file protein_9.txt (compact mmCIF, C-alpha atoms and all ligand atoms)
# COMPACT_ATOMS: atom_id res chain seq x y z
CA MET A 1 123.33 2.25 -34.91
CA LYS A 2 125.15 4.89 -32.87
CA THR A 3 128.73 4.31 -31.64
CA TYR A 4 129.22 3.39 -27.98
CA ASN A 5 132.39 4.15 -26.01
CA VAL A 6 133.47 1.08 -24.07
CA GLY A 7 135.92 0.20 -21.34
CA VAL A 8 137.65 -3.14 -20.91
CA ILE A 9 138.29 -4.04 -17.27
CA GLY A 10 140.92 -6.79 -17.14
CA ALA A 11 142.27 -5.72 -20.55
CA THR A 12 145.67 -7.32 -19.94
CA GLY A 13 144.32 -10.83 -19.26
CA MET A 14 143.65 -13.69 -21.66
CA VAL A 15 139.98 -12.79 -22.11
CA GLY A 16 140.76 -9.06 -22.02
CA GLN A 17 143.20 -9.44 -24.91
CA ARG A 18 140.50 -11.23 -26.90
CA PHE A 19 138.19 -8.28 -26.24
CA MET A 20 140.83 -5.92 -27.56
CA LEU A 21 141.13 -7.87 -30.81
CA LEU A 22 137.37 -8.23 -31.26
CA LEU A 23 136.73 -4.56 -30.58
CA ALA A 24 139.55 -3.22 -32.77
CA ASN A 25 137.27 -3.02 -35.81
CA HIS A 26 133.84 -3.27 -34.23
CA PRO A 27 131.14 -1.32 -36.10
CA TRP A 28 129.29 -0.14 -32.95
CA PHE A 29 131.84 -0.21 -30.08
CA LYS A 30 134.97 1.91 -29.64
CA VAL A 31 137.43 1.24 -26.79
CA THR A 32 138.04 4.47 -24.87
CA ALA A 33 139.31 3.11 -21.53
CA LEU A 34 141.46 0.16 -20.47
CA ALA A 35 141.86 -1.04 -16.91
CA ALA A 36 143.56 -3.77 -14.93
CA SER A 37 145.21 -4.13 -11.51
CA ALA A 38 147.40 -1.56 -9.76
CA ARG A 39 150.35 -3.59 -11.11
CA SER A 40 149.52 -2.49 -14.66
CA ALA A 41 148.05 0.94 -13.95
CA GLY A 42 150.02 3.89 -15.36
CA LYS A 43 151.80 1.75 -17.98
CA THR A 44 151.00 1.83 -21.66
CA TYR A 45 148.93 -1.15 -22.83
CA ALA A 46 151.92 -2.55 -24.73
CA GLU A 47 154.12 -2.34 -21.60
CA ALA A 48 151.47 -3.76 -19.28
CA VAL A 49 150.73 -6.76 -21.50
CA GLY A 50 154.34 -7.32 -22.50
CA GLU A 51 155.17 -11.02 -22.78
CA LYS A 52 151.61 -11.97 -21.80
CA TRP A 53 150.25 -11.10 -25.27
CA SER A 54 148.91 -14.51 -26.34
CA PHE A 55 147.98 -14.08 -30.01
CA GLU A 56 149.75 -14.27 -33.34
CA THR A 57 147.90 -11.13 -34.40
CA PRO A 58 149.91 -8.27 -32.88
CA ILE A 59 148.44 -5.75 -30.44
CA PRO A 60 146.40 -3.31 -32.58
CA GLU A 61 148.42 -0.09 -33.08
CA SER A 62 145.67 2.14 -31.70
CA TYR A 63 145.85 0.42 -28.28
CA LYS A 64 149.62 0.19 -27.81
CA THR A 65 150.09 3.64 -26.31
CA MET A 66 146.81 3.86 -24.38
CA THR A 67 147.43 4.19 -20.64
CA VAL A 68 146.07 1.38 -18.49
CA LEU A 69 143.93 2.66 -15.61
CA ASP A 70 143.39 1.07 -12.20
CA ALA A 71 140.02 -0.71 -12.26
CA GLU A 72 139.24 0.34 -8.68
CA ALA A 73 141.17 3.55 -7.93
CA ASP A 74 140.33 5.16 -11.31
CA MET A 75 136.68 4.10 -11.42
CA ASP A 76 135.34 7.67 -11.69
CA GLU A 77 137.69 8.49 -14.58
CA ILE A 78 136.71 5.29 -16.38
CA ALA A 79 132.98 5.90 -15.78
CA ALA A 80 133.31 9.36 -17.33
CA LYS A 81 134.91 7.96 -20.49
CA VAL A 82 132.57 5.09 -21.34
CA ASP A 83 128.97 4.14 -22.12
CA PHE A 84 129.49 0.63 -20.69
CA VAL A 85 132.27 -1.77 -19.68
CA PHE A 86 133.25 -5.36 -20.36
CA CYS A 87 134.70 -7.02 -17.26
CA ALA A 88 136.97 -10.10 -17.13
CA VAL A 89 139.20 -10.04 -14.06
CA ASN A 90 140.91 -12.66 -12.00
CA MET A 91 140.33 -11.83 -8.35
CA ASP A 92 138.38 -12.76 -5.27
CA LYS A 93 134.66 -13.27 -6.06
CA ALA A 94 133.38 -11.00 -3.29
CA LYS A 95 135.64 -8.25 -4.61
CA ILE A 96 134.45 -8.79 -8.21
CA ARG A 97 130.82 -8.60 -7.03
CA ALA A 98 131.57 -5.31 -5.26
CA ILE A 99 133.47 -3.78 -8.23
CA GLU A 100 130.80 -4.75 -10.76
CA GLU A 101 128.07 -3.29 -8.55
CA ALA A 102 130.10 -0.13 -8.02
CA TYR A 103 130.35 0.42 -11.80
CA ALA A 104 126.63 -0.25 -12.22
CA LYS A 105 125.86 2.24 -9.44
CA LYS A 106 127.94 4.82 -11.32
CA GLU A 107 125.41 4.30 -14.16
CA VAL A 108 127.83 2.20 -16.23
CA PRO A 109 126.29 -1.04 -17.52
CA VAL A 110 128.62 -4.01 -16.92
CA VAL A 111 128.81 -6.95 -19.33
CA SER A 112 130.71 -9.55 -17.38
CA ASN A 113 132.65 -12.71 -18.06
CA ASN A 114 133.16 -13.35 -14.37
CA SER A 115 131.21 -15.94 -12.44
CA ALA A 116 130.74 -13.75 -9.34
CA HIS A 117 127.20 -12.51 -10.20
CA ARG A 118 125.95 -15.51 -12.17
CA PHE A 119 123.59 -16.54 -9.38
CA THR A 120 122.46 -13.09 -8.27
CA ALA A 121 118.72 -13.57 -8.82
CA ASP A 122 118.09 -10.33 -10.77
CA VAL A 123 121.27 -10.55 -12.90
CA PRO A 124 120.53 -12.12 -16.29
CA MET A 125 122.96 -14.86 -17.40
CA ILE A 126 122.63 -14.88 -21.15
CA ILE A 127 123.51 -17.02 -24.13
CA PRO A 128 122.02 -14.57 -26.65
CA GLU A 129 120.55 -17.26 -28.96
CA ILE A 130 118.88 -19.06 -26.05
CA ASN A 131 117.48 -16.78 -23.36
CA ALA A 132 117.43 -13.19 -24.64
CA GLU A 133 114.06 -12.79 -22.88
CA HIS A 134 115.84 -12.85 -19.49
CA LEU A 135 116.89 -9.25 -20.19
CA ASP A 136 113.37 -8.42 -18.96
CA VAL A 137 114.75 -8.70 -15.41
CA ILE A 138 116.98 -5.61 -15.85
CA PRO A 139 114.35 -3.04 -14.75
CA ALA A 140 113.98 -4.93 -11.43
CA GLN A 141 117.76 -4.97 -10.98
CA ARG A 142 117.95 -1.24 -11.70
CA LYS A 143 115.29 -0.71 -9.06
CA ARG A 144 117.32 -2.65 -6.47
CA LEU A 145 120.54 -0.81 -7.39
CA GLN A 146 118.65 2.51 -7.56
CA THR A 147 120.11 3.26 -11.00
CA LYS A 148 118.67 4.70 -14.19
CA ARG A 149 121.10 3.10 -16.67
CA GLY A 150 123.50 0.97 -14.66
CA PHE A 151 123.03 -2.81 -14.42
CA ILE A 152 125.04 -6.03 -14.62
CA ALA A 153 124.51 -8.72 -17.26
CA VAL A 154 126.70 -11.82 -17.35
CA LYS A 155 127.50 -14.60 -19.73
CA SER A 156 127.64 -18.19 -18.64
CA ASN A 157 130.67 -20.40 -18.14
CA CYS A 158 132.60 -21.45 -21.24
CA SER A 159 132.23 -25.22 -20.60
CA LEU A 160 128.48 -25.32 -21.19
CA GLN A 161 128.59 -23.51 -24.52
CA SER A 162 129.69 -26.75 -26.14
CA TYR A 163 126.50 -28.62 -25.14
CA VAL A 164 123.69 -26.30 -23.93
CA PRO A 165 123.25 -24.74 -27.42
CA LEU A 166 122.86 -28.28 -28.82
CA LEU A 167 120.45 -29.47 -26.13
CA HIS A 168 118.31 -26.32 -26.27
CA PRO A 169 116.62 -26.88 -29.68
CA LEU A 170 115.70 -30.40 -28.47
CA LYS A 171 113.77 -29.25 -25.41
CA GLY A 172 110.49 -29.74 -27.27
CA PHE A 173 111.10 -33.51 -27.07
CA GLY A 174 111.27 -33.26 -23.26
CA ILE A 175 114.90 -33.72 -22.21
CA LYS A 176 114.82 -36.12 -19.23
CA ASP A 177 118.48 -36.15 -18.28
CA ALA A 178 121.88 -35.58 -19.77
CA ALA A 179 125.47 -36.56 -19.00
CA VAL A 180 128.44 -34.63 -20.31
CA CYS A 181 132.19 -35.01 -20.20
CA THR A 182 134.06 -31.88 -21.28
CA TYR A 183 137.60 -31.77 -22.66
CA GLN A 184 138.66 -28.20 -21.98
CA ALA A 185 141.39 -26.07 -23.53
CA ILE A 186 144.15 -24.46 -21.46
CA SER A 187 143.22 -20.92 -22.55
CA GLY A 188 140.15 -21.45 -20.33
CA ALA A 189 142.56 -21.20 -17.40
CA GLY A 190 144.20 -18.10 -18.92
CA LYS A 191 147.16 -20.32 -19.94
CA THR A 192 149.26 -21.06 -23.01
CA PHE A 193 151.55 -24.07 -23.59
CA LYS A 194 154.40 -21.83 -22.45
CA THR A 195 152.77 -20.97 -19.14
CA MET A 196 151.26 -24.43 -18.55
CA PRO A 197 154.01 -26.91 -19.52
CA GLU A 198 152.56 -29.55 -17.17
CA ILE A 199 149.67 -30.11 -19.62
CA LEU A 200 151.94 -31.44 -22.41
CA ASP A 201 151.49 -35.22 -22.82
CA ASN A 202 148.86 -35.05 -20.08
CA VAL A 203 145.19 -34.86 -19.07
CA ILE A 204 144.28 -33.24 -15.75
CA PRO A 205 141.02 -34.65 -14.34
CA TYR A 206 140.05 -31.63 -12.24
CA ILE A 207 139.09 -28.00 -12.94
CA GLY A 208 138.07 -26.31 -9.71
CA GLY A 209 134.35 -25.46 -9.59
CA GLU A 210 133.78 -26.36 -13.23
CA GLU A 211 131.53 -29.39 -12.78
CA GLU A 212 129.19 -27.53 -10.45
CA LYS A 213 128.94 -24.65 -12.97
CA SER A 214 128.40 -27.09 -15.85
CA GLU A 215 125.50 -28.76 -14.03
CA LYS A 216 123.87 -25.73 -12.42
CA GLU A 217 124.21 -22.84 -14.88
CA PRO A 218 122.09 -24.45 -17.64
CA LEU A 219 119.14 -24.52 -15.23
CA LYS A 220 119.32 -20.75 -14.71
CA ILE A 221 119.60 -20.24 -18.48
CA TRP A 222 116.47 -22.38 -18.94
CA GLY A 223 114.71 -20.60 -16.04
CA SER A 224 112.00 -17.95 -16.21
CA VAL A 225 111.59 -14.35 -15.08
CA GLU A 226 109.13 -14.20 -12.18
CA ASN A 227 108.53 -11.15 -9.95
CA GLY A 228 111.76 -9.43 -10.90
CA GLU A 229 113.96 -12.50 -10.46
CA ILE A 230 115.13 -15.39 -12.57
CA VAL A 231 113.85 -18.66 -11.17
CA SER A 232 115.99 -21.61 -12.30
CA ALA A 233 114.38 -24.55 -14.06
CA GLN A 234 114.24 -27.81 -12.07
CA SER A 235 115.11 -30.04 -14.99
CA PRO A 236 116.75 -31.58 -16.98
CA VAL A 237 119.22 -32.97 -14.47
CA ILE A 238 122.72 -32.75 -15.91
CA THR A 239 125.75 -34.64 -14.61
CA ALA A 240 129.18 -33.40 -15.70
CA GLN A 241 132.85 -34.33 -15.57
CA CYS A 242 135.35 -31.71 -16.75
CA LEU A 243 138.90 -32.50 -17.84
CA ARG A 244 141.75 -30.18 -18.85
CA VAL A 245 143.41 -31.39 -22.06
CA PRO A 246 146.46 -30.29 -24.08
CA VAL A 247 144.54 -28.09 -26.52
CA SER A 248 145.19 -24.35 -26.86
CA ASP A 249 141.61 -23.24 -27.66
CA GLY A 250 138.26 -25.02 -28.02
CA HIS A 251 136.21 -26.95 -25.47
CA THR A 252 134.86 -30.31 -26.67
CA ALA A 253 131.94 -32.09 -24.96
CA ALA A 254 130.88 -35.75 -25.16
CA VAL A 255 127.13 -35.61 -24.51
CA PHE A 256 124.56 -38.31 -23.64
CA VAL A 257 120.86 -37.48 -23.54
CA SER A 258 117.46 -39.11 -22.93
CA PHE A 259 114.04 -37.72 -23.83
CA GLU A 260 110.40 -38.01 -22.72
CA GLN A 261 109.45 -38.48 -26.40
CA LYS A 262 112.46 -39.91 -28.19
CA PRO A 263 112.97 -38.08 -31.51
CA THR A 264 114.40 -39.67 -34.63
CA LYS A 265 117.95 -38.82 -35.61
CA GLU A 266 116.55 -36.83 -38.56
CA GLN A 267 114.36 -34.78 -36.22
CA ILE A 268 117.39 -33.87 -34.11
CA LEU A 269 119.44 -32.87 -37.15
CA GLU A 270 116.51 -30.84 -38.48
CA ALA A 271 116.09 -29.05 -35.12
CA TRP A 272 119.78 -28.11 -35.06
CA LYS A 273 119.82 -26.96 -38.69
CA ASN A 274 116.73 -24.77 -38.34
CA PHE A 275 117.54 -23.23 -34.98
CA GLN A 276 117.92 -19.45 -34.96
CA GLY A 277 118.05 -17.08 -32.03
CA GLU A 278 117.56 -13.34 -31.53
CA PRO A 279 121.11 -12.49 -32.74
CA GLN A 280 120.41 -14.09 -36.14
CA LYS A 281 116.95 -12.47 -36.38
CA LEU A 282 118.34 -9.04 -35.42
CA GLY A 283 121.41 -9.46 -37.67
CA LEU A 284 123.82 -8.53 -34.83
CA PRO A 285 127.39 -7.88 -36.06
CA SER A 286 128.95 -10.81 -34.13
CA ALA A 287 126.11 -13.30 -34.73
CA PRO A 288 127.20 -16.42 -36.61
CA ALA A 289 125.12 -16.84 -39.77
CA GLN A 290 124.45 -20.44 -38.66
CA PHE A 291 124.52 -20.99 -34.87
CA LEU A 292 124.75 -24.82 -35.00
CA THR A 293 126.59 -26.82 -37.66
CA TYR A 294 126.53 -30.62 -37.85
CA PHE A 295 129.38 -32.56 -39.47
CA GLU A 296 128.60 -35.92 -41.10
CA GLU A 297 132.27 -37.01 -40.98
CA ASP A 298 133.04 -39.44 -38.14
CA ASN A 299 136.18 -37.57 -37.12
CA ARG A 300 134.58 -34.12 -36.69
CA PRO A 301 134.24 -31.72 -34.99
CA GLN A 302 137.90 -31.33 -34.07
CA ALA A 303 139.14 -28.47 -31.88
CA LYS A 304 141.97 -27.56 -34.20
CA LEU A 305 139.90 -27.71 -37.40
CA ASP A 306 136.53 -26.44 -36.31
CA ARG A 307 136.82 -24.05 -33.35
CA MET A 308 136.92 -21.02 -35.69
CA GLN A 309 133.54 -21.84 -37.30
CA PHE A 310 131.93 -18.45 -38.10
CA GLY A 311 134.77 -16.54 -36.47
CA GLY A 312 134.70 -18.78 -33.38
CA MET A 313 131.05 -17.88 -32.69
CA GLY A 314 129.43 -20.97 -34.25
CA VAL A 315 128.91 -24.18 -32.26
CA THR A 316 129.64 -27.44 -34.05
CA ALA A 317 128.46 -31.03 -33.52
CA GLY A 318 129.05 -34.51 -34.85
CA ARG A 319 128.80 -38.25 -34.22
CA LEU A 320 125.07 -38.24 -33.36
CA ARG A 321 124.04 -41.85 -32.74
CA GLU A 322 121.88 -44.04 -30.51
CA ASP A 323 123.29 -45.03 -27.13
CA THR A 324 123.03 -48.20 -25.03
CA LEU A 325 122.08 -46.40 -21.81
CA PHE A 326 120.70 -43.01 -22.91
CA ASP A 327 118.64 -42.36 -26.06
CA TYR A 328 121.45 -40.61 -27.99
CA LYS A 329 125.05 -39.49 -27.73
CA PHE A 330 126.97 -36.87 -29.71
CA ILE A 331 130.00 -34.56 -29.65
CA GLY A 332 129.86 -30.76 -29.36
CA LEU A 333 132.56 -28.11 -29.72
CA SER A 334 132.79 -24.39 -29.10
CA HIS A 335 135.62 -21.86 -28.97
CA ASN A 336 136.08 -21.09 -25.27
CA THR A 337 137.58 -17.60 -25.45
CA LEU A 338 135.42 -16.48 -28.42
CA ARG A 339 131.90 -17.93 -28.13
CA GLY A 340 132.67 -19.00 -24.55
CA ALA A 341 134.10 -15.72 -23.28
CA ALA A 342 134.92 -12.43 -25.04
CA GLY A 343 132.94 -13.12 -28.25
CA GLY A 344 129.87 -14.22 -26.27
CA ALA A 345 130.13 -11.05 -24.19
CA VAL A 346 130.44 -8.83 -27.27
CA LEU A 347 127.37 -10.54 -28.76
CA LEU A 348 125.52 -9.97 -25.47
CA ALA A 349 126.50 -6.28 -25.53
CA GLU A 350 125.24 -6.02 -29.13
CA LEU A 351 121.94 -7.58 -28.05
CA LEU A 352 121.70 -5.12 -25.13
CA ALA A 353 122.45 -2.19 -27.47
CA ALA A 354 119.96 -3.37 -30.10
CA LYS A 355 117.26 -3.66 -27.40
CA GLY A 356 117.98 -0.15 -26.07
CA TYR A 357 119.49 -1.12 -22.71
CA MET A 358 122.72 0.83 -23.35
CA ASP A 359 120.98 4.15 -24.07
N1 LIG A 401 139.76 -17.83 -20.25
C1 LIG A 401 138.52 -18.21 -20.51
O1 LIG A 401 138.24 -18.98 -21.46
C2 LIG A 401 137.37 -17.71 -19.67
C3 LIG A 401 136.10 -18.06 -20.06
C4 LIG A 401 135.00 -17.57 -19.36
C5 LIG A 401 135.21 -16.76 -18.28
N2 LIG A 401 136.47 -16.43 -17.88
C6 LIG A 401 136.59 -15.56 -16.71
O2 LIG A 401 137.12 -14.29 -17.12
C7 LIG A 401 137.91 -13.76 -16.06
C8 LIG A 401 139.30 -13.45 -16.58
O3 LIG A 401 139.90 -14.65 -17.04
P1 LIG A 401 141.30 -14.64 -17.80
O4 LIG A 401 141.49 -16.03 -18.26
O5 LIG A 401 141.32 -13.53 -18.77
O6 LIG A 401 142.30 -14.29 -16.58
P2 LIG A 401 143.79 -13.73 -16.65
O7 LIG A 401 144.43 -13.99 -17.96
O8 LIG A 401 144.45 -14.22 -15.41
O9 LIG A 401 143.59 -12.12 -16.54
C9 LIG A 401 143.17 -11.52 -15.37
C10 LIG A 401 142.92 -10.01 -15.54
O10 LIG A 401 142.44 -9.52 -14.28
C11 LIG A 401 143.23 -8.40 -13.90
N3 LIG A 401 143.28 -8.29 -12.44
C12 LIG A 401 143.80 -9.15 -11.55
N4 LIG A 401 143.70 -8.64 -10.30
C13 LIG A 401 143.08 -7.43 -10.41
C14 LIG A 401 142.68 -6.43 -9.51
N5 LIG A 401 142.93 -6.53 -8.19
N6 LIG A 401 142.07 -5.32 -9.99
C15 LIG A 401 141.83 -5.19 -11.31
N7 LIG A 401 142.18 -6.10 -12.24
C16 LIG A 401 142.80 -7.22 -11.79
C17 LIG A 401 144.59 -8.67 -14.48
O11 LIG A 401 145.34 -7.48 -14.53
P3 LIG A 401 146.96 -7.47 -14.35
O12 LIG A 401 147.54 -7.86 -15.69
O13 LIG A 401 147.24 -6.04 -14.00
O14 LIG A 401 147.29 -8.43 -13.26
C18 LIG A 401 144.19 -9.20 -15.86
O15 LIG A 401 143.86 -8.12 -16.69
C19 LIG A 401 137.89 -14.76 -14.92
O16 LIG A 401 136.86 -14.42 -14.02
C20 LIG A 401 137.54 -16.06 -15.63
O17 LIG A 401 136.91 -16.98 -14.78
C21 LIG A 401 137.56 -16.88 -18.56
call {"tool": "encode", "arguments": {"input": "protein_9.txt", "output": "structure tokens"}}
result
Amino acid sequence: MKTYNVGVIGATGMVGQRFMLLLANHPWFKVTALAASARSAGKTYAEAVGEKWSFETPIPESYKTMTVLDAEADMDEIAAKVDFVFCAVNMDKAKIRAIEEAYAKKEVPVVSNNSAHRFTADVPMIIPEINAEHLDVIPAQRKRLQTKRGFIAVKSNCSLQSYVPLLHPLKGFGIKDAAVCTYQAISGAGKTFKTMPEILDNVIPYIGGEEEKSEKEPLKIWGSVENGEIVSAQSPVITAQCLRVPVSDGHTAAVFVSFEQKPTKEQILEAWKNFQGEPQKLGLPSAPAQFLTYFEEDNRPQAKLDRMQFGGMGVTAGRLREDTLFDYKFIGLSHNTLRGAAGGAVLLAELLAAKGYMD
């Protein structure tokens, strides 16, 4: 595989920092441009991140002295330096939509963590193991944008990565409806215990916009490509409640599900164990060897113990049992800034590169 030069837009943020760590030793991708807001532009990466660096692993040496560019004002310079960009910025949605389209129109593919384009009909929203075939919509998007290379591909919200991967292999049994309650880590809000002291000894029962995303995004992921657009599925209906909990990393989900043809517990466990997606078949560098891992122990999965399964890219489950109201209930867990954000985006970029979309 050839080496691709990549830019990280939002490199100073929580997700951006994750990108920097993941890309430091990536076999295919080399960071050649960093960008953030005008506040950071002109500073070295080490100066711009400063106290905001959120990881025990220090800033990789090769990035410390790189100059941070302005994501908007320096767009031409960035476009000239990269084959594609990752984008994870915290700003007004209309502005994010405009910036991402502007990069695409400069023939720079954009792999985005932002929610701004998730419901643009010709923008694929991908969990690489689940709906890689939605990349087929990219030619139609390029036609609309009048580009040869440029396009936008997005990953879904972090909350649903702790239950959609576990529901997906069960679709053959006809999922009727599902209820989920998510227990979400503070890094999902770009926070640490230092910057979010109000979460200590506390649970906050509201995360703006999260329940709508958790209910609606799975239907686009399970949708189909028709006439150059992705048409969302109509079912299964999902109801969600999302809580912020005092956990640094790792979103947990309590899931309840009913089926048209109720499987046995063994059939569910077998479906999880055997499930493989395109990343496993293609042997992509960031693909977890086993996408879904089930724990027999009653007290697993735990965020602290299990979020780093396969480098934070594996999804774990436990406590599968029959329910009084639904057919079954179980617990799911995924790492929100790895599988749920930067890692999921890197895997998506690998999939795009392997399928020739970055050439
Ligand atoms: N954290 C997660 O688990 C997670 C998961 C999935 C998706 N996301 C999404 O990823 C995005 C970033 O999240 P985050 O948690 O990393 O946020 P964050 O820590 O607040 O970082 C925000 C980044 O955006 C940059 N930025 C802000 N205003 C800008 C502007 N006007 N122009 C260019 N860059 C600007 C910041 O640069 P400065 O340092 O210069 O201000 C910083 O690099 C959000 O859309 C979020 O919804 C996050």
call {"tool": "closest_residue", "arguments": {"input": "protein_9.txt", "among": "A:Val203, A:Ala287, A:Leu21, A:Leu269", "to": "Val247 (chain A)", "atoms": "all atoms listed in the file"}}
result
A:Val203
call {"tool": "residues_around", "arguments": {"input": "protein_9.txt", "residues": "Phe256 (chain A)", "least_positions_apart": "6", "cutoff": "6 Å", "atoms": "all atoms listed in the file", "output": "number ranges by chain"}}
result
A: 178-179, 328-329
call {"tool": "closest_atom_pairs", "arguments": {"input": "protein_9.txt", "of": "region 190-218 of chain A", "to": "region 5-19 of chain A", "cutoff": "10 Å", "atoms": "all atoms listed in the file", "output": "Markdown table"}}
result
| residue | atom | partner | partner_atom | distance |
| --- | --- | --- | --- | --- |
| A:Gly190 | CA | A:Met14 | CA | 5.2 |
| A:Lys191 | CA | A:Met14 | CA | 7.7 |
| A:Thr192 | CA | A:Met14 | CA | 9.4 |
call {"tool": "residues_near_ligand", "arguments": {"input": "protein_9.txt", "ligand": "ligand LIG 401 (chain A)", "cutoff": "7 Å", "atoms": "all atoms listed in the file", "output": "ChimeraX atom specification"}}
result
/A:9-16,35-40,48-49,70-72,88-91,113-115,157-158,187-190,336-337,340-341
call {"tool": "atom_distance", "arguments": {"input": "protein_9.txt", "atom1": "CA of Gln261 (chain A)", "atom2": "CA of Glu322 (chain A)"}}
result
14.2 Å
call {"tool": "residues_near_point", "arguments": {"input": "protein_9.txt", "point": "(130.3, 1.8, -31.3)", "cutoff": "10 Å", "atoms": "only C-alpha atoms", "output": "number ranges by chain"}}
result
A: 1-6, 23, 25-31, 83, 350, 353
call {"tool": "residues_around", "arguments": {"input": "protein_9.txt", "residues": "Gln241 (chain A)", "least_positions_apart": "3", "cutoff": "12 Å", "atoms": "all atoms listed in the file", "output": "PDB file with C-alpha atoms, in the coordinates of the input"}}
result
ATOM      1  CA  SER A 159     132.230 -25.220 -20.600  1.00  0.00           C
ATOM      2  CA  LEU A 160     128.480 -25.320 -21.190  1.00  0.00           C
ATOM      3  CA  ALA A 178     121.880 -35.580 -19.770  1.00  0.00           C
ATOM      4  CA  ALA A 179     125.470 -36.560 -19.000  1.00  0.00           C
ATOM      5  CA  VAL A 180     128.440 -34.630 -20.310  1.00  0.00           C
ATOM      6  CA  CYS A 181     132.190 -35.010 -20.200  1.00  0.00           C
ATOM      7  CA  THR A 182     134.060 -31.880 -21.280  1.00  0.00           C
ATOM      8  CA  TYR A 183     137.600 -31.770 -22.660  1.00  0.00           C
ATOM      9  CA  GLN A 184     138.660 -28.200 -21.980  1.00  0.00           C
ATOM     10  CA  ILE A 204     144.280 -33.240 -15.750  1.00  0.00           C
ATOM     11  CA  PRO A 205     141.020 -34.650 -14.340  1.00  0.00           C
ATOM     12  CA  TYR A 206     140.050 -31.630 -12.240  1.00  0.00           C
ATOM     13  CA  ILE A 207     139.090 -28.000 -12.940  1.00  0.00           C
ATOM     14  CA  GLY A 208     138.070 -26.310  -9.710  1.00  0.00           C
ATOM     15  CA  GLY A 209     134.350 -25.460  -9.590  1.00  0.00           C
ATOM     16  CA  GLU A 210     133.780 -26.360 -13.230  1.00  0.00           C
ATOM     17  CA  GLU A 211     131.530 -29.390 -12.780  1.00  0.00           C
ATOM     18  CA  GLU A 212     129.190 -27.530 -10.450  1.00  0.00           C
ATOM     19  CA  LYS A 213     128.940 -24.650 -12.970  1.00  0.00           C
ATOM     20  CA  SER A 214     128.400 -27.090 -15.850  1.00  0.00           C
ATOM     21  CA  GLU A 215     125.500 -28.760 -14.030  1.00  0.00           C
ATOM     22  CA  ILE A 238     122.720 -32.750 -15.910  1.00  0.00           C
ATOM     23  CA  ARG A 244     141.750 -30.180 -18.850  1.00  0.00           C
ATOM     24  CA  THR A 252     134.860 -30.310 -26.670  1.00  0.00           C
ATOM     25  CA  ALA A 253     131.940 -32.090 -24.960  1.00  0.00           C
ATOM     26  CA  ALA A 254     130.880 -35.750 -25.160  1.00  0.00           C
ATOM     27  CA  VAL A 255     127.130 -35.610 -24.510  1.00  0.00           C
TER      28      VAL A 255
END
call {"tool": "residues_near_point", "arguments": {"input": "protein_9.txt", "point": "(126.5, -37.7, -39.8)", "cutoff": "7 Å", "atoms": "only C-alpha atoms", "output": "list in words"}}
result
Phe295, Glu296, Glu297, Asp298, Gly318, Arg319 and Leu320 of chain A
call {"tool": "closest_residue", "arguments": {"input": "protein_9.txt", "among": "A:Thr195, A:Ser112, A:Ser286, A:Gln276", "to": "Trp53 (chain A)", "atoms": "all atoms listed in the file"}}
result
A:Thr195
call {"tool": "residues_around", "arguments": {"input": "protein_9.txt", "residues": "Gly42 (chain A)", "least_positions_apart": "4", "cutoff": "7 Å", "atoms": "all atoms listed in the file", "output": "list of chain:residue names"}}
result
A:Thr67, A:Val68, A:Leu69
call {"tool": "build_atoms", "arguments": {"input": "protein_9.txt", "residues": "region 149-158 of chain A", "atoms": "N, CA and C atoms", "output": "PDB file, in the frame of the given file"}}
result
ATOM      1  N   ARG A 149     120.502   3.828 -15.536  1.00  0.00           N
ATOM      2  CA  ARG A 149     121.100   3.100 -16.670  1.00  0.00           C
ATOM      3  C   ARG A 149     121.832   1.852 -16.188  1.00  0.00           C
ATOM      4  N   GLY A 150     122.550   1.996 -15.083  1.00  0.00           N
ATOM      5  CA  GLY A 150     123.500   0.970 -14.660  1.00  0.00           C
ATOM      6  C   GLY A 150     122.845  -0.371 -14.345  1.00  0.00           C
ATOM      7  N   PHE A 151     123.484  -1.449 -14.735  1.00  0.00           N
ATOM      8  CA  PHE A 151     123.030  -2.810 -14.420  1.00  0.00           C
ATOM      9  C   PHE A 151     124.187  -3.758 -14.712  1.00  0.00           C
ATOM     10  N   ILE A 152     124.036  -5.000 -14.324  1.00  0.00           N
ATOM     11  CA  ILE A 152     125.040  -6.030 -14.620  1.00  0.00           C
ATOM     12  C   ILE A 152     124.349  -7.135 -15.427  1.00  0.00           C
ATOM     13  N   ALA A 153     124.975  -7.533 -16.520  1.00  0.00           N
ATOM     14  CA  ALA A 153     124.510  -8.720 -17.260  1.00  0.00           C
ATOM     15  C   ALA A 153     125.731  -9.611 -17.429  1.00  0.00           C
ATOM     16  N   VAL A 154     125.542 -10.912 -17.292  1.00  0.00           N
ATOM     17  CA  VAL A 154     126.700 -11.820 -17.350  1.00  0.00           C
ATOM     18  C   VAL A 154     126.488 -12.866 -18.439  1.00  0.00           C
ATOM     19  N   LYS A 155     127.601 -13.444 -18.847  1.00  0.00           N
ATOM     20  CA  LYS A 155     127.500 -14.600 -19.730  1.00  0.00           C
ATOM     21  C   LYS A 155     127.834 -15.836 -18.906  1.00  0.00           C
ATOM     22  N   SER A 156     127.463 -16.970 -19.425  1.00  0.00           N
ATOM     23  CA  SER A 156     127.640 -18.190 -18.640  1.00  0.00           C
ATOM     24  C   SER A 156     129.059 -18.722 -18.798  1.00  0.00           C
ATOM     25  N   ASN A 157     129.350 -19.769 -18.061  1.00  0.00           N
ATOM     26  CA  ASN A 157     130.670 -20.400 -18.140  1.00  0.00           C
ATOM     27  C   ASN A 157     130.936 -20.950 -19.547  1.00  0.00           C
ATOM     28  N   CYS A 158     132.231 -20.997 -19.888  1.00  0.00           N
ATOM     29  CA  CYS A 158     132.600 -21.450 -21.240  1.00  0.00           C
ATOM     30  C   CYS A 158     132.290 -22.936 -21.477  1.00  0.00           C
TER      31      CYS A 158
END
